[in-house]
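Here the structure is laid out as structure tokens; the discussion comes afterwards.
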Amino acid sequence: MSRLFGSSSGSVLGTAGSKMSSFRKVTHCIFDMDGLLLDTENLYTQVTQSIAEPYGKTYTWEIKQTIMGLQRDEAAEAIVAALELPLTPAEYVQISTERINRVMEECQLMPDTEKIYENILRDLLKSYNSPYPWPTRMKVMGTTEQRTCSILVNDLKLPCSVDEFLARFRRDQLLHLGRAPLMQGAERLVRHLHKHNVPIALATSSGADSVEVKTKNHRELFELFGHKVMGSSDPDVKEGKPAPDIFLVAADRFPDRPAPDQCLVFEDAPNGVTAAIAAGMQAVMVPDPHIEEDQRKHATVVLKSLEDFHPEQFGLPAFTS
């Protein structure tokens with residue numbers, strides 16, 4: 001059963017609310033990247049939907065959650081099959097890579113933009129006395145601004161034109177996103193572990209070329225990692241997540257080659273957590289809020305944010321402020 005850190009009290013709780021025993025002490029940390037350190041998952045969703053939309057297909061959450069954490073080629077095969085796209089996986093990879101490379105240069109250190117967008121739309125709809133039902137939220141997820149506004153105006157029968165709603169949406173976006181906070185838990189934790197000489201590594205399913213593009217704006221932070229394992233381009237990673245290969249390779253490349261049970265993995269995706277547990281490691285999960293409870297229960301601990309992580313629970317140096 002997974003455990004939860006209460007964000008207010010800092011206590012360690014089980015899913016039923018009972019006190020749990022302390023966690024196993026670790027000496028090394030391994031981080032996933034997409035959706036955990038970098039806010040790239042929403043960008044992937046937008047790119048995938050932009051490819052699917054001309055074929056009349058929708059990239060739903062049900063499909064997305066099965067793809068999270070997979071390596072590039074495996075993800076392409078799964079997406080093409082699930083959406084029944086008239087493309088080969090290789091063609092999909094080529095198209096998606098070109099589009100992803102264009103947008104990834106803009107990716108930021110985990111700002112909570114998804115919630116900000118949702119709040120903007122909810123407030124706008126409230127001004128028309130309209131609710132924002134869950135089916136509609138799922139329908140607009142990953143669509144363009146124009147498509148989002150068109151769906152909302154037409155499906156919810158709003159008393160305005162699509163252009164009018166779009167203009168209001170863009171105005172409110174600028175007001176809110178200019179103040180969008182970085183989720184400081186990611187940068188704070190990485191810098192804290194590095195400062196205290198805790199060996200840290202990156203283990204991402206992305207390939208080397210993709211990682212280069214994504215981390216361009218945060219190069220100094222990512223240079224703090226002792227090494228990086230990039231599953232889609234690393235020949236030593238034979239099987240992608242949920243297989244344990246990537247984390248075992250990451251552990252083996254630390255200079256002192258720690259045993260798996262000395263390593264703590266940070267992940268956002270169920271496939272990644274499964275891989276970490278299969279590798280014999282503990283897993284801290286920071287899931288997308290839409291991920292169901294039964295897909296979280298195999299994690300060692302589930303957090304709302306890396307800001308809620310308490311290093312001392314795992315025998316690591318505590319934050320001092």
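Here's how to read the names in the structure tokens: chain A, B, ... by the order shown, residue numbers from 1 in each chain, ligand numbers from 1 in the order shown.
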Output as an mmCIF file with all heavy atoms, in the first residue's frame all residues of region 20-209 of chain A that backbone DSSP marks as strand (DSSP E or B).
```cif
data_model
loop_
_atom_site.group_PDB
_atom_site.id
_atom_site.type_symbol
_atom_site.label_atom_id
_atom_site.label_comp_id
_atom_site.auth_asym_id
_atom_site.auth_seq_id
_atom_site.Cartn_x
_atom_site.Cartn_y
_atom_site.Cartn_z
ATOM 1 N N HIS A 28 21.377 7.165 -2.451
ATOM 2 C CA HIS A 28 21.416 7.700 -3.803
ATOM 3 C C HIS A 28 19.996 7.993 -4.275
ATOM 4 O O HIS A 28 19.045 7.318 -3.864
ATOM 5 C CB HIS A 28 22.059 6.708 -4.769
ATOM 6 C CG HIS A 28 23.485 6.374 -4.452
ATOM 7 N ND1 HIS A 28 23.861 5.740 -3.288
ATOM 8 C CD2 HIS A 28 24.634 6.584 -5.161
ATOM 9 C CE1 HIS A 28 25.181 5.570 -3.280
ATOM 10 N NE2 HIS A 28 25.669 6.073 -4.411
ATOM 11 N N CYS A 29 19.849 8.994 -5.172
ATOM 12 C CA CYS A 29 18.537 9.364 -5.698
ATOM 13 C C CYS A 29 18.551 9.383 -7.220
ATOM 14 O O CYS A 29 19.528 9.845 -7.834
ATOM 15 C CB CYS A 29 18.104 10.729 -5.173
ATOM 16 S SG CYS A 29 17.794 10.766 -3.384
ATOM 17 N N ILE A 30 17.464 8.899 -7.822
ATOM 18 C CA ILE A 30 17.313 8.854 -9.275
ATOM 19 C C ILE A 30 15.998 9.536 -9.640
ATOM 20 O O ILE A 30 14.949 9.199 -9.103
ATOM 21 C CB ILE A 30 17.319 7.403 -9.784
ATOM 22 C CG1 ILE A 30 18.601 6.679 -9.356
ATOM 23 C CG2 ILE A 30 17.173 7.371 -11.302
ATOM 24 C CD1 ILE A 30 18.611 5.191 -9.687
ATOM 25 N N PHE A 31 16.074 10.486 -10.564
ATOM 26 C CA PHE A 31 14.904 11.280 -10.938
ATOM 27 C C PHE A 31 14.459 10.999 -12.370
ATOM 28 O O PHE A 31 15.278 10.975 -13.297
ATOM 29 C CB PHE A 31 15.216 12.778 -10.852
ATOM 30 C CG PHE A 31 15.367 13.314 -9.459
ATOM 31 C CD1 PHE A 31 16.553 13.141 -8.760
ATOM 32 C CD2 PHE A 31 14.332 14.010 -8.842
ATOM 33 C CE1 PHE A 31 16.713 13.646 -7.480
ATOM 34 C CE2 PHE A 31 14.477 14.517 -7.565
ATOM 35 C CZ PHE A 31 15.666 14.334 -6.872
ATOM 36 N N ASP A 34 10.320 14.067 -17.370
ATOM 37 C CA ASP A 34 9.071 14.609 -17.920
ATOM 38 C C ASP A 34 7.925 14.464 -16.931
ATOM 39 O O ASP A 34 7.635 13.379 -16.439
ATOM 40 C CB ASP A 34 8.716 13.889 -19.222
ATOM 41 C CG ASP A 34 9.703 14.216 -20.322
ATOM 42 O OD1 ASP A 34 9.874 15.403 -20.616
ATOM 43 O OD2 ASP A 34 10.301 13.279 -20.887
ATOM 44 N N LEU A 38 10.323 18.720 -15.269
ATOM 45 C CA LEU A 38 9.942 19.632 -16.346
ATOM 46 C C LEU A 38 8.472 19.444 -16.701
ATOM 47 O O LEU A 38 7.978 18.311 -16.760
ATOM 48 C CB LEU A 38 10.785 19.377 -17.594
ATOM 49 C CG LEU A 38 12.244 19.831 -17.564
ATOM 50 C CD1 LEU A 38 12.942 19.404 -18.849
ATOM 51 C CD2 LEU A 38 12.366 21.329 -17.375
ATOM 52 N N LEU A 109 10.390 24.793 -15.713
ATOM 53 C CA LEU A 109 10.462 23.942 -14.534
ATOM 54 C C LEU A 109 9.098 23.907 -13.870
ATOM 55 O O LEU A 109 8.626 24.906 -13.350
ATOM 56 C CB LEU A 109 11.502 24.479 -13.536
ATOM 57 C CG LEU A 109 12.952 24.217 -13.870
ATOM 58 C CD1 LEU A 109 13.828 24.985 -12.887
ATOM 59 C CD2 LEU A 109 13.272 22.743 -13.799
ATOM 60 N N PRO A 111 5.846 24.572 -13.674
ATOM 61 C CA PRO A 111 4.861 25.519 -13.185
ATOM 62 C C PRO A 111 3.505 24.817 -13.179
ATOM 63 O O PRO A 111 3.267 23.933 -13.998
ATOM 64 C CB PRO A 111 4.882 26.643 -14.220
ATOM 65 C CG PRO A 111 5.302 25.975 -15.477
ATOM 66 C CD PRO A 111 6.164 24.778 -15.081
ATOM 67 N N LEU A 182 6.799 28.827 -10.244
ATOM 68 C CA LEU A 182 7.501 27.579 -10.478
ATOM 69 C C LEU A 182 7.243 26.674 -9.287
ATOM 70 O O LEU A 182 7.170 27.129 -8.152
ATOM 71 C CB LEU A 182 9.010 27.828 -10.616
ATOM 72 C CG LEU A 182 9.472 28.639 -11.822
ATOM 73 C CD1 LEU A 182 10.983 28.825 -11.775
ATOM 74 C CD2 LEU A 182 9.067 27.963 -13.117
ATOM 75 N N ILE A 200 23.112 11.965 -7.309
ATOM 76 C CA ILE A 200 21.837 12.026 -8.003
ATOM 77 C C ILE A 200 22.037 11.743 -9.492
ATOM 78 O O ILE A 200 23.056 12.108 -10.078
ATOM 79 C CB ILE A 200 21.125 13.384 -7.819
ATOM 80 C CG1 ILE A 200 22.035 14.540 -8.245
ATOM 81 C CG2 ILE A 200 20.675 13.562 -6.384
ATOM 82 C CD1 ILE A 200 21.368 15.908 -8.170
ATOM 83 N N ALA A 201 21.061 11.078 -10.083
ATOM 84 C CA ALA A 201 21.103 10.760 -11.508
ATOM 85 C C ALA A 201 19.744 11.026 -12.127
ATOM 86 O O ALA A 201 18.716 11.047 -11.436
ATOM 87 C CB ALA A 201 21.498 9.296 -11.713
ATOM 88 N N LEU A 202 19.736 11.210 -13.427
ATOM 89 C CA LEU A 202 18.506 11.386 -14.191
ATOM 90 C C LEU A 202 18.261 10.099 -14.977
ATOM 91 O O LEU A 202 19.186 9.550 -15.579
ATOM 92 C CB LEU A 202 18.656 12.563 -15.163
ATOM 93 C CG LEU A 202 17.376 13.101 -15.813
ATOM 94 C CD1 LEU A 202 16.528 13.842 -14.784
ATOM 95 C CD2 LEU A 202 17.725 14.030 -16.972
ATOM 96 N N ALA A 203 17.036 9.606 -14.958
ATOM 97 C CA ALA A 203 16.668 8.411 -15.718
ATOM 98 C C ALA A 203 15.371 8.699 -16.456
ATOM 99 O O ALA A 203 14.292 8.592 -15.882
ATOM 100 C CB ALA A 203 16.521 7.203 -14.799
ATOM 101 N N THR A 204 15.485 9.078 -17.708
ATOM 102 C CA THR A 204 14.327 9.483 -18.486
ATOM 103 C C THR A 204 14.151 8.590 -19.702
ATOM 104 O O THR A 204 15.133 8.136 -20.302
ATOM 105 C CB THR A 204 14.456 10.947 -18.950
ATOM 106 O OG1 THR A 204 13.406 11.264 -19.859
ATOM 107 C CG2 THR A 204 15.792 11.209 -19.634
#
```
For region 190-197 of chain A, work out the shell of residues within 10 Å, counting only C-alpha atoms and skipping chain neighbours fewer than 4 positions away, then give it as a compact mmCIF listing (two decimals) with N, CA and C atoms, in the first residue's frame.
```
# COMPACT_ATOMS: atom_id res chain seq x y z
N THR A 27 20.88 6.10 0.01
CA THR A 27 22.09 6.91 -0.13
C THR A 27 22.16 7.61 -1.47
N HIS A 28 21.38 7.17 -2.45
CA HIS A 28 21.42 7.70 -3.80
C HIS A 28 20.00 7.99 -4.28
N CYS A 29 19.85 8.99 -5.17
CA CYS A 29 18.54 9.36 -5.70
C CYS A 29 18.55 9.38 -7.22
N PHE A 31 16.07 10.49 -10.56
CA PHE A 31 14.90 11.28 -10.94
C PHE A 31 14.46 11.00 -12.37
N LEU A 37 10.25 16.94 -13.17
CA LEU A 37 11.11 18.11 -13.07
C LEU A 37 10.74 19.17 -14.11
N GLY A 185 9.59 22.88 -5.47
CA GLY A 185 10.03 21.61 -4.91
C GLY A 185 11.07 20.91 -5.77
N ALA A 186 10.95 21.01 -7.10
CA ALA A 186 11.88 20.32 -7.99
C ALA A 186 13.28 20.90 -7.87
N ALA A 201 21.06 11.08 -10.08
CA ALA A 201 21.10 10.76 -11.51
C ALA A 201 19.74 11.03 -12.13
N LEU A 221 21.05 23.74 -13.94
CA LEU A 221 20.42 22.85 -12.97
C LEU A 221 20.67 21.39 -13.34
N PHE A 222 20.51 21.05 -14.61
CA PHE A 222 20.65 19.66 -15.02
C PHE A 222 22.10 19.19 -15.04
N LEU A 224 23.88 19.47 -12.53
CA LEU A 224 24.12 19.00 -11.16
C LEU A 224 23.98 17.48 -11.05
N PHE A 225 23.31 16.86 -12.02
CA PHE A 225 23.18 15.40 -12.00
C PHE A 225 24.50 14.75 -12.37
N GLY A 226 24.88 13.75 -11.59
CA GLY A 226 26.16 13.08 -11.84
C GLY A 226 26.19 12.39 -13.19
N PRO A 311 13.23 14.69 3.18
CA PRO A 311 14.40 13.83 2.96
C PRO A 311 14.78 12.98 4.16
N LEU A 316 18.12 10.88 4.48
CA LEU A 316 18.85 11.90 3.75
C LEU A 316 18.88 13.19 4.56
N PRO A 317 19.82 14.11 4.27
CA PRO A 317 19.90 15.37 5.01
C PRO A 317 18.59 16.15 4.93
N ALA A 318 18.14 16.63 6.06
CA ALA A 318 16.88 17.38 6.12
C ALA A 318 17.06 18.80 5.59
N PHE A 319 15.98 19.37 5.11
CA PHE A 319 15.99 20.77 4.75
C PHE A 319 16.17 21.59 6.02
N THR A 320 16.93 22.67 5.93
CA THR A 320 17.14 23.50 7.12
C THR A 320 16.25 24.73 7.13
```
- Query: Which parts of region 160-320 of chain A does DSSP call helix (DSSP H, G or I) when run on the backbone here, written out as a PyMOL selection string?
  - Reply: chain A and resi 162-177+184-195+208-214+216-222+245-252+260-262+270-278+293-295+306-308+311-314
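Using only C-alpha atoms, the shortest contact distance between Ile246 (chain A) and any of A:Leu70, A:Leu189, A:Val26, A:Leu306 is found at A:Leu70.
Proximity of A:Glu77, A:Cys160, A:Ala250, A:Ile95 to Leu125 (chain A), computed with only C-alpha atoms, is greatest for A:Cys160.
Of the residues under consideration (A:Glu62, A:Asp288, A:Glu307, A:Asp123), A:Glu307 shows the shortest atom-to-atom contact distance to Glu187 (chain A) when counting only C-alpha atoms.
Near Asp155 (chain A), within 12 Å and counting only C-alpha atoms, sit Ser130, Pro131, Tyr132, Pro133, Pro135, Thr136, Arg137, Lys139, Val140, Arg147, Thr148, Cys149, Ser150, Ile151, Leu152, Leu158, Pro159 and Val162 of chain A; same-chain residues fewer than 3 positions away were not included.
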Please save all heavy atoms of the selected residues as a compact mmCIF listing (two decimals), in the first residue's frame.
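Written out: again11.txt:
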```txt
# COMPACT_ATOMS: atom_id res chain seq x y z
N SER A 130 -22.31 29.37 -16.31
CA SER A 130 -22.19 28.02 -16.86
C SER A 130 -21.22 27.19 -16.03
O SER A 130 -20.18 27.69 -15.59
CB SER A 130 -21.68 28.09 -18.31
OG SER A 130 -21.43 26.78 -18.81
N PRO A 131 -21.53 25.92 -15.79
CA PRO A 131 -20.59 25.04 -15.10
C PRO A 131 -19.47 24.61 -16.05
O PRO A 131 -19.52 24.90 -17.25
CB PRO A 131 -21.47 23.84 -14.71
CG PRO A 131 -22.49 23.78 -15.80
CD PRO A 131 -22.78 25.22 -16.15
N TYR A 132 -18.47 23.92 -15.53
CA TYR A 132 -17.39 23.37 -16.34
C TYR A 132 -17.33 21.87 -16.06
O TYR A 132 -16.50 21.40 -15.31
CB TYR A 132 -16.07 24.05 -15.96
CG TYR A 132 -14.90 23.77 -16.90
CD1 TYR A 132 -15.11 23.29 -18.19
CD2 TYR A 132 -13.60 23.98 -16.48
CE1 TYR A 132 -14.05 23.05 -19.04
CE2 TYR A 132 -12.53 23.74 -17.32
CZ TYR A 132 -12.75 23.28 -18.60
OH TYR A 132 -11.68 23.04 -19.44
N PRO A 133 -18.23 21.09 -16.67
CA PRO A 133 -18.35 19.67 -16.33
C PRO A 133 -17.13 18.87 -16.75
O PRO A 133 -16.41 19.23 -17.70
CB PRO A 133 -19.60 19.23 -17.10
CG PRO A 133 -19.72 20.20 -18.22
CD PRO A 133 -19.19 21.51 -17.71
N PRO A 135 -16.74 15.93 -18.33
CA PRO A 135 -16.64 15.46 -19.73
C PRO A 135 -16.13 16.55 -20.67
O PRO A 135 -15.39 16.27 -21.61
CB PRO A 135 -18.07 15.04 -20.07
CG PRO A 135 -18.68 14.69 -18.75
CD PRO A 135 -18.09 15.68 -17.78
N THR A 136 -16.53 17.79 -20.42
CA THR A 136 -16.07 18.89 -21.26
C THR A 136 -14.60 19.17 -21.02
O THR A 136 -13.84 19.43 -21.96
CB THR A 136 -16.91 20.17 -20.98
OG1 THR A 136 -18.28 19.87 -21.15
CG2 THR A 136 -16.50 21.30 -21.91
N ARG A 137 -14.18 19.12 -19.77
CA ARG A 137 -12.76 19.31 -19.44
C ARG A 137 -11.90 18.28 -20.17
O ARG A 137 -10.85 18.60 -20.72
CB ARG A 137 -12.53 19.20 -17.93
CG ARG A 137 -13.00 20.39 -17.13
CD ARG A 137 -12.92 20.13 -15.64
NE ARG A 137 -11.59 19.77 -15.22
CZ ARG A 137 -11.28 19.26 -14.03
NH1 ARG A 137 -12.25 19.05 -13.15
NH2 ARG A 137 -10.05 18.97 -13.72
N LYS A 139 -12.63 16.74 -22.88
CA LYS A 139 -12.74 16.96 -24.32
C LYS A 139 -11.77 18.04 -24.80
O LYS A 139 -11.23 17.95 -25.91
CB LYS A 139 -14.19 17.34 -24.67
CG LYS A 139 -14.50 17.31 -26.17
CD LYS A 139 -15.99 17.53 -26.39
CE LYS A 139 -16.33 17.49 -27.88
NZ LYS A 139 -17.78 17.70 -28.11
N VAL A 140 -11.55 19.07 -23.97
CA VAL A 140 -10.69 20.17 -24.41
C VAL A 140 -9.22 19.93 -24.07
O VAL A 140 -8.34 20.64 -24.55
CB VAL A 140 -11.12 21.52 -23.78
CG1 VAL A 140 -12.56 21.83 -24.10
CG2 VAL A 140 -10.88 21.54 -22.26
N ARG A 147 -9.58 25.73 -30.62
CA ARG A 147 -10.43 24.54 -30.51
C ARG A 147 -11.09 24.47 -29.13
O ARG A 147 -12.28 24.14 -29.01
CB ARG A 147 -9.59 23.29 -30.77
CG ARG A 147 -10.37 21.98 -30.70
CD ARG A 147 -11.40 21.87 -31.78
NE ARG A 147 -12.11 20.59 -31.71
CZ ARG A 147 -13.36 20.42 -32.06
NH1 ARG A 147 -14.08 21.42 -32.54
NH2 ARG A 147 -13.94 19.23 -31.98
N THR A 148 -10.32 24.78 -28.08
CA THR A 148 -10.87 24.78 -26.72
C THR A 148 -12.06 25.73 -26.63
O THR A 148 -13.13 25.36 -26.12
CB THR A 148 -9.79 25.22 -25.71
OG1 THR A 148 -8.80 24.20 -25.61
CG2 THR A 148 -10.39 25.45 -24.33
N CYS A 149 -11.88 26.95 -27.12
CA CYS A 149 -12.95 27.95 -27.02
C CYS A 149 -14.15 27.57 -27.87
O CYS A 149 -15.30 27.79 -27.49
CB CYS A 149 -12.41 29.32 -27.41
SG CYS A 149 -11.16 29.96 -26.25
N SER A 150 -13.89 26.97 -29.03
CA SER A 150 -14.99 26.53 -29.88
C SER A 150 -15.82 25.44 -29.20
O SER A 150 -17.06 25.49 -29.21
CB SER A 150 -14.43 26.00 -31.21
OG SER A 150 -15.47 25.51 -32.03
N ILE A 151 -15.14 24.48 -28.58
CA ILE A 151 -15.85 23.41 -27.87
C ILE A 151 -16.69 23.99 -26.73
O ILE A 151 -17.87 23.64 -26.57
CB ILE A 151 -14.85 22.38 -27.32
CG1 ILE A 151 -14.22 21.59 -28.47
CG2 ILE A 151 -15.54 21.43 -26.34
CD1 ILE A 151 -13.06 20.71 -28.04
N LEU A 152 -16.10 24.88 -25.95
CA LEU A 152 -16.81 25.43 -24.79
C LEU A 152 -18.03 26.24 -25.22
O LEU A 152 -19.11 26.09 -24.65
CB LEU A 152 -15.85 26.28 -23.96
CG LEU A 152 -14.72 25.53 -23.27
CD1 LEU A 152 -13.77 26.51 -22.59
CD2 LEU A 152 -15.25 24.53 -22.26
N LEU A 158 -22.86 28.87 -24.88
CA LEU A 158 -22.61 30.17 -24.27
C LEU A 158 -23.17 31.29 -25.13
O LEU A 158 -23.15 31.20 -26.37
CB LEU A 158 -21.10 30.37 -24.08
CG LEU A 158 -20.37 29.34 -23.21
CD1 LEU A 158 -18.89 29.69 -23.10
CD2 LEU A 158 -21.00 29.24 -21.84
N PRO A 159 -23.65 32.37 -24.51
CA PRO A 159 -24.24 33.49 -25.26
C PRO A 159 -23.18 34.46 -25.78
O PRO A 159 -23.23 35.67 -25.54
CB PRO A 159 -25.14 34.16 -24.20
CG PRO A 159 -24.41 33.92 -22.93
CD PRO A 159 -23.80 32.54 -23.06
N VAL A 162 -17.33 32.52 -30.56
CA VAL A 162 -16.06 31.88 -30.24
C VAL A 162 -14.95 32.93 -30.16
O VAL A 162 -14.11 32.90 -29.27
CB VAL A 162 -15.71 30.81 -31.30
CG1 VAL A 162 -14.30 30.25 -31.07
CG2 VAL A 162 -16.73 29.68 -31.28
```
- Query: Hey, which of A:Arg168, A:Ser321, A:Gln146, A:Glu84 ends up closest to Leu124 (chain A)? Count only C-alpha atoms.
  - Reply: A:Arg168
